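Asker: I am sharing upload-v2.pdb, which consists of PDB, C-alpha atoms:
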ATOM      1  CA  MET A   1     -70.226  29.998  32.839
ATOM      2  CA  SER A   2     -67.332  27.905  34.086
ATOM      3  CA  PHE A   3     -65.339  28.694  30.957
ATOM      4  CA  LEU A   4     -65.948  32.420  31.431
ATOM      5  CA  SER A   5     -64.979  32.206  35.091
ATOM      6  CA  ARG A   6     -61.691  30.577  34.183
ATOM      7  CA  LEU A   7     -61.119  32.979  31.307
ATOM      8  CA  LEU A   8     -61.754  36.027  33.461
ATOM      9  CA  GLY A   9     -59.925  34.616  36.455
ATOM     10  CA  THR A  10     -62.931  34.598  38.778
ATOM     11  CA  ALA A  11     -63.022  30.838  39.395
ATOM     12  CA  PRO A  12     -61.513  29.696  42.682
ATOM     13  CA  ASP A  13     -58.023  28.257  42.488
ATOM     14  CA  PRO A  14     -58.367  24.464  42.946
ATOM     15  CA  ARG A  15     -54.999  24.403  44.721
ATOM     16  CA  GLU A  16     -56.513  26.252  47.678
ATOM     17  CA  THR A  17     -58.296  23.102  48.852
ATOM     18  CA  ILE A  18     -55.002  21.221  49.055
ATOM     19  CA  ARG A  19     -52.826  24.094  50.326
ATOM     20  CA  PRO A  20     -53.203  23.106  54.030
ATOM     21  CA  LEU A  21     -51.766  19.699  53.139
ATOM     22  CA  TRP A  22     -48.806  21.331  51.365
ATOM     23  CA  HIS A  23     -48.137  23.477  54.441
ATOM     24  CA  ARG A  24     -48.246  20.342  56.586
ATOM     25  CA  VAL A  25     -45.681  18.685  54.301
ATOM     26  CA  VAL A  26     -43.307  21.593  54.856
ATOM     27  CA  GLU A  27     -43.946  21.569  58.623
ATOM     28  CA  LEU A  28     -43.261  17.840  58.822
ATOM     29  CA  ALA A  29     -40.030  18.263  56.857
ATOM     30  CA  ARG A  30     -38.931  20.878  59.377
ATOM     31  CA  GLU A  31     -39.376  18.487  62.312
ATOM     32  CA  PRO A  32     -36.247  19.138  64.421
ATOM     33  CA  SER A  33     -35.555  15.453  65.119
ATOM     34  CA  PHE A  34     -34.739  14.849  61.442
ATOM     35  CA  TYR A  35     -31.799  17.190  61.928
ATOM     36  CA  SER A  36     -30.820  16.526  65.535
ATOM     37  CA  THR A  37     -31.422  12.778  65.788
ATOM     38  CA  CYS A  38     -31.135  11.569  62.202
ATOM     39  CA  GLY A  39     -28.243  13.802  61.167
ATOM     40  CA  VAL A  40     -29.834  15.417  58.125
ATOM     41  CA  ALA A  41     -27.811  18.470  57.141
ATOM     42  CA  ASP A  42     -29.594  21.660  58.175
ATOM     43  CA  THR A  43     -28.764  23.307  54.860
ATOM     44  CA  VAL A  44     -30.789  24.352  51.845
ATOM     45  CA  GLY A  45     -29.982  21.013  50.236
ATOM     46  CA  GLY A  46     -30.819  18.967  53.323
ATOM     47  CA  ARG A  47     -34.123  20.773  53.847
ATOM     48  CA  PHE A  48     -35.016  20.344  50.165
ATOM     49  CA  ASP A  49     -34.235  16.620  50.429
ATOM     50  CA  LEU A  50     -36.586  16.254  53.385
ATOM     51  CA  ILE A  51     -39.354  18.257  51.761
ATOM     52  CA  THR A  52     -39.200  15.969  48.736
ATOM     53  CA  ALA A  53     -39.086  12.841  50.934
ATOM     54  CA  VAL A  54     -42.104  13.921  52.983
ATOM     55  CA  LEU A  55     -43.903  15.123  49.848
ATOM     56  CA  CYS A  56     -43.307  11.754  48.184
ATOM     57  CA  THR A  57     -44.680   9.982  51.266
ATOM     58  CA  MET A  58     -47.757  12.210  51.149
ATOM     59  CA  MET A  59     -48.210  11.754  47.405
ATOM     60  CA  VAL A  60     -48.042   7.962  47.721
ATOM     61  CA  ARG A  61     -50.852   8.109  50.302
ATOM     62  CA  VAL A  62     -52.923  10.515  48.197
ATOM     63  CA  GLU A  63     -52.476   8.316  45.120
ATOM     64  CA  ALA A  64     -53.559   5.251  47.116
ATOM     65  CA  SER A  65     -57.005   6.842  47.330
ATOM     66  CA  GLU A  66     -57.156   7.485  43.604
ATOM     67  CA  MET A  67     -56.940  11.229  44.230
ATOM     68  CA  ARG A  68     -54.770  11.805  41.166
ATOM     69  CA  ALA A  69     -55.924  15.413  40.798
ATOM     70  CA  GLU A  70     -54.942  16.204  44.385
ATOM     71  CA  SER A  71     -51.544  14.594  43.875
ATOM     72  CA  ALA A  72     -50.986  16.782  40.812
ATOM     73  CA  LEU A  73     -52.094  19.836  42.794
ATOM     74  CA  LEU A  74     -49.533  18.995  45.500
ATOM     75  CA  ALA A  75     -46.846  18.888  42.813
ATOM     76  CA  GLU A  76     -48.057  22.269  41.520
ATOM     77  CA  LEU A  77     -47.785  23.766  45.008
ATOM     78  CA  PHE A  78     -44.273  22.337  45.273
ATOM     79  CA  VAL A  79     -43.388  24.102  41.997
ATOM     80  CA  GLU A  80     -45.008  27.344  43.150
ATOM     81  CA  ASP A  81     -43.088  27.264  46.432
ATOM     82  CA  MET A  82     -39.761  26.373  44.796
ATOM     83  CA  ASP A  83     -40.287  29.133  42.215
ATOM     84  CA  GLY A  84     -40.703  31.646  45.037
ATOM     85  CA  GLN A  85     -37.665  30.303  46.872
ATOM     86  CA  LEU A  86     -35.485  30.544  43.776
ATOM     87  CA  ARG A  87     -36.589  34.119  43.195
ATOM     88  CA  GLU A  88     -35.791  34.954  46.834
ATOM     89  CA  PHE A  89     -32.301  33.586  46.262
ATOM     90  CA  GLY A  90     -31.979  36.033  43.365
ATOM     91  CA  VAL A  91     -32.329  33.614  40.469
ATOM     92  CA  ASN A  92     -33.534  35.596  37.451
ATOM     93  CA  ASP A  93     -36.583  34.867  35.309
ATOM     94  CA  VAL A  94     -34.576  33.360  32.471
ATOM     95  CA  VAL A  95     -33.043  30.685  34.684
ATOM     96  CA  VAL A  96     -36.025  29.980  36.987
ATOM     97  CA  GLY A  97     -37.849  27.888  34.371
ATOM     98  CA  LYS A  98     -34.835  25.657  33.787
ATOM     99  CA  ARG A  99     -34.263  25.191  37.506
ATOM    100  CA  ILE A 100     -37.940  24.377  38.097
ATOM    101  CA  GLY A 101     -37.763  21.784  35.322
ATOM    102  CA  LYS A 102     -34.772  20.197  37.009
ATOM    103  CA  LEU A 103     -36.502  20.254  40.424
ATOM    104  CA  MET A 104     -39.562  18.535  38.932
ATOM    105  CA  SER A 105     -37.278  15.904  37.453
ATOM    106  CA  VAL A 106     -35.695  15.409  40.873
ATOM    107  CA  LEU A 107     -39.128  15.071  42.481
ATOM    108  CA  GLY A 108     -40.208  12.526  39.868
ATOM    109  CA  GLY A 109     -37.042  10.492  40.339
ATOM    110  CA  ARG A 110     -37.376  10.467  44.094
ATOM    111  CA  LEU A 111     -41.040   9.572  43.919
ATOM    112  CA  GLY A 112     -40.032   6.608  41.788
ATOM    113  CA  ALA A 113     -37.301   5.646  44.259
ATOM    114  CA  TYR A 114     -39.523   5.933  47.344
ATOM    115  CA  ARG A 115     -42.913   4.744  46.013
ATOM    116  CA  SER A 116     -42.472   0.964  45.963
ATOM    117  CA  ALA A 117     -40.597   0.958  49.270
ATOM    118  CA  LEU A 118     -43.392   2.938  50.937
ATOM    119  CA  VAL A 119     -46.194   0.890  49.368
ATOM    120  CA  ASN A 120     -44.507  -2.390  50.355
ATOM    121  CA  LYS A 121     -43.297  -1.058  53.727
ATOM    122  CA  ASP A 122     -39.808  -2.193  52.760
ATOM    123  CA  ALA A 123     -37.526  -0.513  55.302
ATOM    124  CA  ASP A 124     -34.303  -1.737  53.695
ATOM    125  CA  LYS A 125     -35.230  -0.491  50.222
ATOM    126  CA  LEU A 126     -36.416   2.833  51.637
ATOM    127  CA  THR A 127     -33.211   3.209  53.648
ATOM    128  CA  GLU A 128     -31.146   2.707  50.490
ATOM    129  CA  ALA A 129     -33.241   5.278  48.618
ATOM    130  CA  VAL A 130     -32.890   7.758  51.485
ATOM    131  CA  LYS A 131     -29.144   7.199  51.589
ATOM    132  CA  ARG A 132     -28.921   8.119  47.884
ATOM    133  CA  ASN A 133     -31.249  11.121  48.094
ATOM    134  CA  VAL A 134     -30.770  12.881  51.418
ATOM    135  CA  THR A 135     -27.864  15.103  52.428
ATOM    136  CA  PHE A 136     -26.488  14.275  55.869
ATOM    137  CA  THR A 137     -24.046  16.113  58.105
ATOM    138  CA  GLU A 138     -20.370  15.352  57.583
ATOM    139  CA  ASP A 139     -20.076  13.513  60.884
ATOM    140  CA  ALA A 140     -23.227  11.394  60.438
ATOM    141  CA  ASN A 141     -23.022   7.657  59.978
ATOM    142  CA  GLU A 142     -24.947   7.505  56.697
ATOM    143  CA  ASP A 143     -26.301   3.990  57.258
ATOM    144  CA  GLU A 144     -27.707   4.884  60.677
ATOM    145  CA  ALA A 145     -28.898   8.305  59.525
ATOM    146  CA  ALA A 146     -30.684   6.882  56.485
ATOM    147  CA  ALA A 147     -32.313   4.188  58.645
ATOM    148  CA  CYS A 148     -33.485   6.893  61.053
ATOM    149  CA  VAL A 149     -35.054   8.972  58.254
ATOM    150  CA  SER A 150     -36.626   5.961  56.565
ATOM    151  CA  GLY A 151     -38.078   4.843  59.904
ATOM    152  CA  LYS A 152     -39.694   8.238  60.358
ATOM    153  CA  LEU A 153     -41.050   8.181  56.791
ATOM    154  CA  LEU A 154     -42.539   4.718  57.335
ATOM    155  CA  GLN A 155     -44.123   5.905  60.587
ATOM    156  CA  LEU A 156     -45.576   8.897  58.742
ATOM    157  CA  SER A 157     -46.871   6.592  56.031
ATOM    158  CA  GLU A 158     -48.629   4.476  58.672
ATOM    159  CA  ARG A 159     -50.183   7.544  60.288
ATOM    160  CA  LEU A 160     -51.371   8.783  56.908
ATOM    161  CA  ALA A 161     -52.924   5.422  56.104
ATOM    162  CA  GLY A 162     -55.069   5.782  59.227
ATOM    163  CA  ARG A 163     -56.576   9.081  58.073
ATOM    164  CA  SER A 164     -59.663   9.470  55.941
ATOM    165  CA  ASP A 165     -59.329  11.265  52.633
ATOM    166  CA  GLU A 166     -61.194  14.259  54.057
ATOM    167  CA  GLU A 167     -58.874  14.465  57.073
ATOM    168  CA  LEU A 168     -55.907  14.131  54.781
ATOM    169  CA  ILE A 169     -56.973  16.962  52.458
ATOM    170  CA  LYS A 170     -57.658  19.235  55.430
ATOM    171  CA  ALA A 171     -54.344  18.097  56.971
ATOM    172  CA  SER A 172     -56.110  17.596  60.280
ATOM    173  CA  GLY A 173     -54.179  15.760  62.933
ATOM    174  CA  ILE A 174     -51.280  14.686  60.723
ATOM    175  CA  TRP A 175     -48.145  14.551  62.831
TER
END
Mind turning this structure into structure tokens?

Answerer:
Amino acid sequence: MSFLSRLLGTAPDPRETIRPLWHRVVELAREPSFYSTCGVADTVGGRFDLITAVLCTMMVRVEASEMRAESALLAELFVEDMDGQLREFGVNDVVVGKRIGKLMSVLGGRLGAYRSALVNKDADKLTEAVKRNVTFTEDANEDEAAACVSGKLLQLSERLAGRSDEELIKASGIW
């Protein structure tokens, strides 16, 4: 029956269980203090950089609980959202696939850059990774701005560590 449900499209989408967590990732990346206090550029690039940084922080926590499927579902929701954003910007169907491939590569690279720093709570290493991967305003002191962002990511990581897996999946109380 499960095969028929999938074949006919009547099975529930497994991403729906993790969607609240994806929405929370986007909300956290839109936190005004990242832009006002830390000097992240309030541009498409700057917002994308923060979404990937927060998503990486979330994925590291999800992976720590051996929820590999949920981590993959988060990545799928990232792709779905970026696909929609590209189409809103007027990117045509032929180019969307290539751009999505590049965005997935960017996400993978950043996850690699942030993962060990987050797991080891290494503020200096995370600050260096943030400095390489986040777009700041022209007048921002990049060292201070990167330290500000990495501090917020480490604080988020600590808050996430204090949540049960169930709370995490439901995105309850994550701020």

Asker: Residues within 8 Å of Val25 (chain A), please, as a list in words. Count all atoms listed in the file; anything in the same chain fewer than 6 positions from it doesn't count.

Answerer: Ile51, Val54, Leu55 and Met58 of chain A

Asker: Here's the selection I'm unsure about, the PyMOL selection byres ((chain A and resi 144) around 12); applied to the file above, which residues does it give, as a PyMOL selection string?

Answerer: chain A and resi 37-40+124+127-128+130-131+136+139-143+145-151

Asker: The PyMOL selection byres ((chain A and resi 161) around 12) on the file shown: which residues, as a VMD selection string?

Answerer: chain A and resid 57 to 65 118 to 119 121 154 to 160 162 to 165 167 to 168 174

Asker: Determine the residue membership of the PyMOL selection byres ((chain A and resi 27) around 12) for the file above and supply it as a CSV table (one decimal) with C-alpha atoms, in the coordinates of the input.

Answerer:
chain,number,residue,atom,x,y,z
A,20,PRO,CA,-53.2,23.1,54.0
A,21,LEU,CA,-51.8,19.7,53.1
A,22,TRP,CA,-48.8,21.3,51.4
A,23,HIS,CA,-48.1,23.5,54.4
A,24,ARG,CA,-48.2,20.3,56.6
A,25,VAL,CA,-45.7,18.7,54.3
A,26,VAL,CA,-43.3,21.6,54.9
A,28,LEU,CA,-43.3,17.8,58.8
A,29,ALA,CA,-40.0,18.3,56.9
A,30,ARG,CA,-38.9,20.9,59.4
A,31,GLU,CA,-39.4,18.5,62.3
A,32,PRO,CA,-36.2,19.1,64.4
A,34,PHE,CA,-34.7,14.8,61.4
A,47,ARG,CA,-34.1,20.8,53.8
A,50,LEU,CA,-36.6,16.3,53.4
A,51,ILE,CA,-39.4,18.3,51.8
A,54,VAL,CA,-42.1,13.9,53.0
A,55,LEU,CA,-43.9,15.1,49.8
A,171,ALA,CA,-54.3,18.1,57.0
A,174,ILE,CA,-51.3,14.7,60.7
A,175,TRP,CA,-48.1,14.6,62.8

Asker: What is the distance between CA of Leu77 (chain A) and CA of Lys152 (chain A), in Å to one decimal?

Answerer: 23.3 Å

Asker: Using all atoms listed in the file, find the one residue out of A:Val79, A:Ser33, A:Glu138, A:Val44 that sits nearest to Lys98 (chain A).

Answerer: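 Using all atoms listed in the file, the shortest distance to Lys98 (chain A) belongs to A:Val79.
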
Asker: So how many Å separate CA of Met82 (chain A) and CA of Arg115 (chain A), to one decimal?

Answerer: 21.9 Å
